[in-house]
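Colleague: Please read through the structure below; I'll follow up with questions.
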Amino acid sequence: VLLPHVVSETCVIKSSLDQNYMGTFLNLIFVHRGIFYVLTASTVLVTASSVSKILSHIPSFEFTANRGYHCFLISLCLCCFHGFNPMRLPNPAWTYLCALMRISGYIIKIVCIANMPLGDATALYFTVPIYTGILARIFLKEPWGIVHAISTTIGITGIVLISKPSFIFGGEDEVKPLYPIILVGGAIIQAGGITIQRKLGKSISPMVFTFHQSMVLFVVSMTASAVSGAVNKSFSEAFVAPSCYEDRGLMTFAGSIAIIGQILYIKGINLENAAVATLLRNTDTILAYVVQVTYFKKKAEWLSLVGAILIAGSTAMIIIYKNYFLKKDEGVSVKIPTVHQEENELEDTAITFENPLNPETQTISKV
């Protein structure tokens, strides 16, 4: 997690390792740091979701309210530490619209999962990359070519094989037609929020955006929890504080690490195309499947293994394509400090990055 920051801010290497191998490694990290941000965010967010599976006896809205509460407090501390004013927004209307759309998509997913088979809900919701690619192409003019379309198709095929939706593989569960329609709408809303997030770009700090998004998540979750309890006339559906220290500790852990995944995902969206960033989040399915097999002792099936391989292949396709594209246009040049073996001194060296879409070489930092 820290390595891309180190590379992008300053790079001081004092080692007897071969500089060519180290340069190649740093070059890959630097060029694909957006991809690393998204993949790391997926790992962290799946970990937080696994905790929600362990705490399945706690109402969903209470768990999301807990996540919003902890992310709100931690993001506020981070903003104060880095000197950001969280109340000073360059585009307040777009910021809150983006936060509301992403939270709405998240809440819709939770509600539909509770009323649909998990496989059906997963297969329908992870069509987000398709809608994101279309919206980003229309409104942001981002490229979405044949390679992205093929990779998206392969990834969704892998998700279908892992989730095994009943509308393809059959099943006895009867689903009301309304919920699949609502879930597809939630996926489109989530894609719209990600597109706006990409549009906002670096005009707003990820910490500041997380502050406002967490505040919206907490308010919406508490309201939904109160309404749910009132409608069902059941105290267990309303907000109830955890009764034991183990549950409190797990909820605190899940809420605290969620902000890491959220900030890294926002940074990844700022660096990668919106469609690519959402496509990389399909790795959530692989990670969740690994957790189910290793921790929850679910039996591995060959179709799920094939699906995991397809998802990994779609991710690898995007990385290879991007690397080939950059090499073809000679788009990346990273120079690292060299070490004098005899004098043991560092030369002043700048790290340069040449964007293939903008041939002007930019100096990132200087040692």
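To be explicit about the labels: the chains of the structure tokens are called A, B, and onward in the order shown, and within each one the residues are counted from 1, while ligands get numbers from 1 in the order they are shown.
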I'd like the neighbourhood of Lys267 (chain A) as a ChimeraX atom specification, where a residue qualifies if any of its atoms comes within 9 Å (using only C-alpha atoms), though same-chain residues fewer than 2 positions away should be ignored.

Modeller: /A:34,37-38,201-202,205-206,262-265,269-272

Colleague: With a distance cut-off of 12 Å and only C-alpha atoms, select the neighbouring residues of Cys77 (chain A), excluding the residue or stretch itself and same-chain residues fewer than 4 positions from it, and output the selection as a list of chain:residue names.

Modeller: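 Here the qualifying residues turn out to be A:His70, A:Cys71, A:Phe72, A:Leu73, A:Phe81, A:His82, A:Gly83, A:Phe84, A:Asn85, A:Pro86, A:Met207, A:Val208, A:Thr210, A:Phe211, A:Ile259.
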
Colleague: Within 12 Å of region 304-326 of chain A, which residues of region 71-137 of chain A come that close, and what is the closest atom pair and distance in Å for each? Count only C-alpha atoms and give it as CSV.

Modeller:
residue,atom,partner,partner_atom,distance
A:Gly119,CA,A:Ser304,CA,11.7
A:Ala123,CA,A:Gly307,CA,12.0
A:Phe126,CA,A:Ile311,CA,11.8

Colleague: Find the residues near Thr285 (chain A): any atom within 12 Å, counting only C-alpha atoms, skip ones fewer than 3 places away on the same chain, and give them as a short mmCIF file (atom, residue, chain, number, x, y, z; two decimals) with all heavy atoms, in the first residue's frame.

Modeller:
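Everything below was put into selection.cif:
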data_model
loop_
_atom_site.label_atom_id
_atom_site.label_comp_id
_atom_site.auth_asym_id
_atom_site.auth_seq_id
_atom_site.Cartn_x
_atom_site.Cartn_y
_atom_site.Cartn_z
N LEU A 39 -6.89 -3.00 -6.66
CA LEU A 39 -6.79 -4.38 -6.19
C LEU A 39 -6.59 -4.44 -4.68
O LEU A 39 -7.16 -5.31 -4.01
CB LEU A 39 -5.64 -5.09 -6.91
CG LEU A 39 -5.81 -5.28 -8.42
CD1 LEU A 39 -4.59 -5.98 -9.01
CD2 LEU A 39 -7.07 -6.07 -8.73
N SER A 42 -9.89 -3.74 -3.10
CA SER A 42 -10.77 -4.91 -3.15
C SER A 42 -10.46 -5.87 -2.00
O SER A 42 -11.37 -6.39 -1.35
CB SER A 42 -10.60 -5.64 -4.49
OG SER A 42 -11.04 -4.83 -5.55
N THR A 43 -9.17 -6.09 -1.75
CA THR A 43 -8.78 -6.99 -0.66
C THR A 43 -9.28 -6.48 0.68
O THR A 43 -9.83 -7.24 1.49
CB THR A 43 -7.25 -7.13 -0.62
OG1 THR A 43 -6.78 -7.57 -1.89
CG2 THR A 43 -6.82 -8.14 0.45
N LEU A 45 -11.78 -4.29 1.30
CA LEU A 45 -13.24 -4.23 1.39
C LEU A 45 -13.85 -5.62 1.50
O LEU A 45 -14.88 -5.79 2.16
CB LEU A 45 -13.80 -3.49 0.17
CG LEU A 45 -13.45 -2.00 0.10
CD1 LEU A 45 -13.93 -1.39 -1.20
CD2 LEU A 45 -14.03 -1.25 1.29
N VAL A 46 -13.25 -6.62 0.85
CA VAL A 46 -13.74 -7.99 1.02
C VAL A 46 -13.53 -8.46 2.45
O VAL A 46 -14.36 -9.18 3.02
CB VAL A 46 -13.04 -8.93 0.01
CG1 VAL A 46 -13.29 -10.39 0.37
CG2 VAL A 46 -13.56 -8.66 -1.40
N THR A 47 -12.41 -8.06 3.05
CA THR A 47 -12.17 -8.40 4.46
C THR A 47 -13.26 -7.81 5.34
O THR A 47 -13.79 -8.49 6.24
CB THR A 47 -10.79 -7.88 4.90
OG1 THR A 47 -9.77 -8.43 4.06
CG2 THR A 47 -10.51 -8.26 6.34
N SER A 49 -16.29 -7.02 4.39
CA SER A 49 -17.53 -7.72 4.09
C SER A 49 -17.58 -9.10 4.75
O SER A 49 -18.65 -9.57 5.15
CB SER A 49 -17.70 -7.86 2.58
OG SER A 49 -17.75 -6.59 1.96
N SER A 50 -16.42 -9.75 4.85
CA SER A 50 -16.37 -11.05 5.52
C SER A 50 -16.74 -10.94 6.99
O SER A 50 -17.37 -11.83 7.55
CB SER A 50 -14.97 -11.65 5.37
OG SER A 50 -14.62 -11.82 4.02
N GLY A 119 -26.66 -15.70 -5.53
CA GLY A 119 -26.07 -15.83 -6.86
C GLY A 119 -26.72 -14.89 -7.86
O GLY A 119 -26.04 -14.23 -8.66
N THR A 122 -25.64 -11.26 -7.05
CA THR A 122 -24.24 -11.01 -7.40
C THR A 122 -24.07 -10.85 -8.90
O THR A 122 -23.39 -9.93 -9.37
CB THR A 122 -23.35 -12.16 -6.89
OG1 THR A 122 -23.51 -12.29 -5.49
CG2 THR A 122 -21.89 -11.89 -7.21
N ALA A 123 -24.68 -11.74 -9.67
CA ALA A 123 -24.54 -11.69 -11.13
C ALA A 123 -25.13 -10.40 -11.70
O ALA A 123 -24.55 -9.80 -12.62
CB ALA A 123 -25.22 -12.90 -11.76
N TYR A 125 -25.66 -7.46 -10.02
CA TYR A 125 -25.03 -6.24 -9.52
C TYR A 125 -23.66 -6.01 -10.15
O TYR A 125 -23.25 -4.87 -10.38
CB TYR A 125 -24.90 -6.28 -8.00
CG TYR A 125 -24.41 -4.98 -7.42
CD1 TYR A 125 -25.28 -3.90 -7.29
CD2 TYR A 125 -23.09 -4.81 -7.02
CE1 TYR A 125 -24.85 -2.69 -6.77
CE2 TYR A 125 -22.65 -3.61 -6.50
CZ TYR A 125 -23.53 -2.56 -6.37
OH TYR A 125 -23.09 -1.37 -5.86
N PHE A 126 -22.94 -7.10 -10.44
CA PHE A 126 -21.60 -6.94 -10.99
C PHE A 126 -21.61 -6.68 -12.49
O PHE A 126 -20.58 -6.85 -13.16
CB PHE A 126 -20.74 -8.16 -10.66
CG PHE A 126 -20.07 -8.06 -9.32
CD1 PHE A 126 -20.70 -8.54 -8.19
CD2 PHE A 126 -18.85 -7.44 -9.17
CE1 PHE A 126 -20.11 -8.44 -6.95
CE2 PHE A 126 -18.25 -7.32 -7.94
CZ PHE A 126 -18.87 -7.83 -6.82
N GLY A 155 -14.96 -11.37 -17.56
CA GLY A 155 -15.12 -11.20 -16.12
C GLY A 155 -16.52 -11.51 -15.64
O GLY A 155 -16.72 -12.19 -14.62
N ILE A 156 -17.53 -11.04 -16.37
CA ILE A 156 -18.92 -11.30 -15.98
C ILE A 156 -19.24 -12.79 -16.13
O ILE A 156 -19.99 -13.36 -15.32
CB ILE A 156 -19.87 -10.45 -16.82
CG1 ILE A 156 -19.69 -8.96 -16.45
CG2 ILE A 156 -21.32 -10.86 -16.61
CD1 ILE A 156 -20.54 -8.01 -17.25
N THR A 157 -18.69 -13.45 -17.16
CA THR A 157 -18.87 -14.89 -17.30
C THR A 157 -18.32 -15.63 -16.09
O THR A 157 -18.94 -16.57 -15.56
CB THR A 157 -18.18 -15.40 -18.58
OG1 THR A 157 -18.71 -14.70 -19.71
CG2 THR A 157 -18.41 -16.89 -18.75
N GLY A 158 -17.14 -15.20 -15.62
CA GLY A 158 -16.56 -15.81 -14.41
C GLY A 158 -17.43 -15.60 -13.19
O GLY A 158 -17.61 -16.51 -12.36
N ILE A 159 -18.03 -14.41 -13.07
CA ILE A 159 -18.91 -14.13 -11.94
C ILE A 159 -20.14 -15.02 -11.99
O ILE A 159 -20.60 -15.54 -10.96
CB ILE A 159 -19.32 -12.64 -11.95
CG1 ILE A 159 -18.10 -11.77 -11.62
CG2 ILE A 159 -20.43 -12.37 -10.95
CD1 ILE A 159 -18.35 -10.29 -11.77
N VAL A 160 -20.68 -15.22 -13.18
CA VAL A 160 -21.86 -16.08 -13.33
C VAL A 160 -21.52 -17.51 -12.91
O VAL A 160 -22.32 -18.18 -12.23
CB VAL A 160 -22.37 -16.04 -14.78
CG1 VAL A 160 -23.41 -17.13 -15.02
CG2 VAL A 160 -22.96 -14.68 -15.09
N LEU A 161 -20.33 -18.00 -13.29
CA LEU A 161 -19.95 -19.37 -12.94
C LEU A 161 -19.76 -19.53 -11.43
O LEU A 161 -20.03 -20.59 -10.86
CB LEU A 161 -18.66 -19.76 -13.66
CG LEU A 161 -18.77 -19.91 -15.19
CD1 LEU A 161 -17.41 -20.26 -15.78
CD2 LEU A 161 -19.81 -20.96 -15.55
N ILE A 162 -19.28 -18.47 -10.77
CA ILE A 162 -19.09 -18.55 -9.31
C ILE A 162 -20.42 -18.40 -8.58
O ILE A 162 -20.73 -19.16 -7.65
CB ILE A 162 -18.09 -17.48 -8.85
CG1 ILE A 162 -16.68 -17.81 -9.36
CG2 ILE A 162 -18.06 -17.38 -7.32
CD1 ILE A 162 -15.64 -16.78 -8.98
N SER A 163 -21.22 -17.41 -8.98
CA SER A 163 -22.46 -17.12 -8.25
C SER A 163 -23.59 -18.10 -8.61
O SER A 163 -24.50 -18.31 -7.81
CB SER A 163 -22.92 -15.69 -8.54
OG SER A 163 -23.11 -15.49 -9.93
N LEU A 279 -14.09 -2.67 -13.44
CA LEU A 279 -13.84 -4.04 -13.89
C LEU A 279 -12.87 -4.75 -12.94
O LEU A 279 -13.04 -5.94 -12.65
CB LEU A 279 -13.27 -4.02 -15.31
CG LEU A 279 -12.89 -5.38 -15.91
CD1 LEU A 279 -14.11 -6.28 -16.01
CD2 LEU A 279 -12.27 -5.19 -17.30
N LEU A 280 -11.88 -4.03 -12.45
CA LEU A 280 -10.92 -4.63 -11.53
C LEU A 280 -11.57 -5.03 -10.21
O LEU A 280 -11.09 -5.92 -9.52
CB LEU A 280 -9.76 -3.66 -11.27
CG LEU A 280 -8.85 -3.37 -12.47
CD1 LEU A 280 -7.85 -2.27 -12.12
CD2 LEU A 280 -8.11 -4.62 -12.91
N ARG A 281 -12.68 -4.35 -9.87
CA ARG A 281 -13.39 -4.72 -8.64
C ARG A 281 -14.07 -6.08 -8.75
O ARG A 281 -14.56 -6.60 -7.75
CB ARG A 281 -14.43 -3.66 -8.30
CG ARG A 281 -13.88 -2.37 -7.69
CD ARG A 281 -13.17 -2.60 -6.36
NE ARG A 281 -14.03 -3.24 -5.39
CZ ARG A 281 -14.87 -2.59 -4.60
NH1 ARG A 281 -14.97 -1.29 -4.67
NH2 ARG A 281 -15.61 -3.26 -3.73
N ASN A 282 -14.10 -6.65 -9.95
CA ASN A 282 -14.63 -8.01 -10.08
C ASN A 282 -13.79 -9.02 -9.31
O ASN A 282 -14.26 -10.12 -9.02
CB ASN A 282 -14.69 -8.42 -11.56
CG ASN A 282 -15.81 -7.73 -12.31
OD1 ASN A 282 -16.69 -7.11 -11.71
ND2 ASN A 282 -15.79 -7.82 -13.63
N ALA A 288 -13.73 -13.18 -2.25
CA ALA A 288 -14.83 -13.67 -1.43
C ALA A 288 -14.94 -15.19 -1.51
O ALA A 288 -15.21 -15.87 -0.51
CB ALA A 288 -16.15 -13.02 -1.86
N TYR A 289 -14.70 -15.73 -2.72
CA TYR A 289 -14.75 -17.18 -2.89
C TYR A 289 -13.63 -17.86 -2.10
O TYR A 289 -13.84 -18.90 -1.46
CB TYR A 289 -14.63 -17.52 -4.37
CG TYR A 289 -14.59 -19.00 -4.67
CD1 TYR A 289 -15.72 -19.79 -4.50
CD2 TYR A 289 -13.42 -19.59 -5.11
CE1 TYR A 289 -15.67 -21.15 -4.78
CE2 TYR A 289 -13.37 -20.95 -5.39
CZ TYR A 289 -14.50 -21.72 -5.22
OH TYR A 289 -14.44 -23.06 -5.48
N VAL A 290 -12.44 -17.27 -2.11
CA VAL A 290 -11.31 -17.82 -1.34
C VAL A 290 -11.63 -17.81 0.15
O VAL A 290 -11.35 -18.77 0.88
CB VAL A 290 -10.02 -17.03 -1.63
CG1 VAL A 290 -8.90 -17.45 -0.68
CG2 VAL A 290 -9.58 -17.24 -3.07
N VAL A 291 -12.24 -16.72 0.63
CA VAL A 291 -12.61 -16.63 2.04
C VAL A 291 -13.65 -17.69 2.39
O VAL A 291 -13.58 -18.33 3.45
CB VAL A 291 -13.14 -15.22 2.37
CG1 VAL A 291 -13.73 -15.17 3.78
CG2 VAL A 291 -12.02 -14.19 2.25
N GLN A 292 -14.61 -17.91 1.50
CA GLN A 292 -15.64 -18.92 1.77
C GLN A 292 -15.04 -20.32 1.86
O GLN A 292 -15.43 -21.12 2.71
CB GLN A 292 -16.70 -18.89 0.65
CG GLN A 292 -17.63 -17.70 0.73
CD GLN A 292 -18.70 -17.74 -0.35
OE1 GLN A 292 -18.68 -18.59 -1.22
NE2 GLN A 292 -19.63 -16.80 -0.30
N SER A 304 -16.82 -22.99 -10.05
CA SER A 304 -16.35 -21.80 -9.35
C SER A 304 -14.87 -21.56 -9.60
O SER A 304 -14.42 -20.42 -9.75
CB SER A 304 -16.62 -21.95 -7.85
OG SER A 304 -18.00 -22.08 -7.59
N LEU A 305 -14.10 -22.65 -9.67
CA LEU A 305 -12.67 -22.51 -9.97
C LEU A 305 -12.45 -21.96 -11.38
O LEU A 305 -11.60 -21.09 -11.59
CB LEU A 305 -11.97 -23.87 -9.81
CG LEU A 305 -11.91 -24.44 -8.39
CD1 LEU A 305 -11.28 -25.83 -8.41
CD2 LEU A 305 -11.11 -23.52 -7.49
N GLY A 307 -14.58 -20.10 -12.97
CA GLY A 307 -14.99 -18.70 -12.91
C GLY A 307 -13.92 -17.81 -12.32
O GLY A 307 -13.67 -16.70 -12.81
N ALA A 308 -13.24 -18.28 -11.27
CA ALA A 308 -12.16 -17.51 -10.67
C ALA A 308 -11.02 -17.30 -11.65
O ALA A 308 -10.42 -16.22 -11.73
CB ALA A 308 -11.66 -18.21 -9.40
N ILE A 309 -10.71 -18.34 -12.43
CA ILE A 309 -9.65 -18.23 -13.43
C ILE A 309 -10.03 -17.21 -14.51
O ILE A 309 -9.20 -16.40 -14.96
CB ILE A 309 -9.36 -19.61 -14.06
CG1 ILE A 309 -8.75 -20.56 -13.00
CG2 ILE A 309 -8.41 -19.48 -15.25
CD1 ILE A 309 -8.59 -21.98 -13.48
N LEU A 310 -11.29 -17.22 -14.92
CA LEU A 310 -11.74 -16.26 -15.93
C LEU A 310 -11.66 -14.83 -15.42
O LEU A 310 -11.23 -13.92 -16.15
CB LEU A 310 -13.18 -16.58 -16.35
CG LEU A 310 -13.37 -17.86 -17.18
CD1 LEU A 310 -14.85 -18.08 -17.45
CD2 LEU A 310 -12.61 -17.76 -18.49
N ILE A 311 -12.04 -14.61 -14.18
CA ILE A 311 -11.97 -13.25 -13.61
C ILE A 311 -10.52 -12.79 -13.52
O ILE A 311 -10.18 -11.65 -13.86
CB ILE A 311 -12.65 -13.21 -12.23
CG1 ILE A 311 -14.14 -13.50 -12.37
CG2 ILE A 311 -12.45 -11.84 -11.58
CD1 ILE A 311 -14.86 -13.63 -11.05
N ALA A 312 -9.66 -13.69 -13.05
CA ALA A 312 -8.23 -13.35 -12.98
C ALA A 312 -7.67 -13.09 -14.38
O ALA A 312 -6.86 -12.17 -14.58
CB ALA A 312 -7.46 -14.49 -12.31
#

Colleague: Could you check how far CA of Arg67 (chain A) sits from CA of Ala48 (chain A), in Å to one decimal?

Modeller: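 Between these atoms lies a distance of 9.2 Å.
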
Colleague: Counting only C-alpha atoms, what are the residues of region 275-320 of chain A within 12 Å of region 185-193 of chain A, and for each of them which pair of atoms is the nearest and at what distance in Å, to one decimal? Sort the table by chain and rising number, as JSON lines.

Modeller:
{"residue": "A:Ala275", "atom": "CA", "partner": "A:Ala191", "partner_atom": "CA", "distance": 9.0}
{"residue": "A:Ala277", "atom": "CA", "partner": "A:Ala191", "partner_atom": "CA", "distance": 11.0}
{"residue": "A:Thr278", "atom": "CA", "partner": "A:Ala191", "partner_atom": "CA", "distance": 8.5}
{"residue": "A:Leu279", "atom": "CA", "partner": "A:Ala191", "partner_atom": "CA", "distance": 11.2}

Colleague: Kindly save the residues from that selection, with all heavy atoms included, as a PDB file, in the first residue's frame.

Modeller:
ATOM      1  N   ALA A 275     -14.242   2.661 -16.315  1.00  0.00           N
ATOM      2  CA  ALA A 275     -14.629   1.291 -16.670  1.00  0.00           C
ATOM      3  C   ALA A 275     -13.579   0.287 -16.198  1.00  0.00           C
ATOM      4  O   ALA A 275     -13.914  -0.801 -15.717  1.00  0.00           O
ATOM      5  CB  ALA A 275     -14.827   1.177 -18.175  1.00  0.00           C
ATOM      6  N   ALA A 277     -11.444   0.662 -13.658  1.00  0.00           N
ATOM      7  CA  ALA A 277     -11.455   0.586 -12.193  1.00  0.00           C
ATOM      8  C   ALA A 277     -12.590  -0.307 -11.695  1.00  0.00           C
ATOM      9  O   ALA A 277     -12.393  -1.121 -10.785  1.00  0.00           O
ATOM     10  CB  ALA A 277     -11.579   1.990 -11.595  1.00  0.00           C
ATOM     11  N   THR A 278     -13.767  -0.174 -12.280  1.00  0.00           N
ATOM     12  CA  THR A 278     -14.884  -1.012 -11.841  1.00  0.00           C
ATOM     13  C   THR A 278     -14.705  -2.459 -12.277  1.00  0.00           C
ATOM     14  O   THR A 278     -15.118  -3.380 -11.566  1.00  0.00           O
ATOM     15  CB  THR A 278     -16.209  -0.478 -12.413  1.00  0.00           C
ATOM     16  OG1 THR A 278     -16.092  -0.321 -13.834  1.00  0.00           O
ATOM     17  CG2 THR A 278     -16.561   0.860 -11.799  1.00  0.00           C
ATOM     18  N   LEU A 279     -14.088  -2.668 -13.437  1.00  0.00           N
ATOM     19  CA  LEU A 279     -13.836  -4.039 -13.891  1.00  0.00           C
ATOM     20  C   LEU A 279     -12.874  -4.749 -12.943  1.00  0.00           C
ATOM     21  O   LEU A 279     -13.044  -5.937 -12.647  1.00  0.00           O
ATOM     22  CB  LEU A 279     -13.273  -4.023 -15.313  1.00  0.00           C
ATOM     23  CG  LEU A 279     -12.892  -5.379 -15.914  1.00  0.00           C
ATOM     24  CD1 LEU A 279     -14.110  -6.283 -16.006  1.00  0.00           C
ATOM     25  CD2 LEU A 279     -12.274  -5.193 -17.297  1.00  0.00           C
TER      26      LEU A 279
END
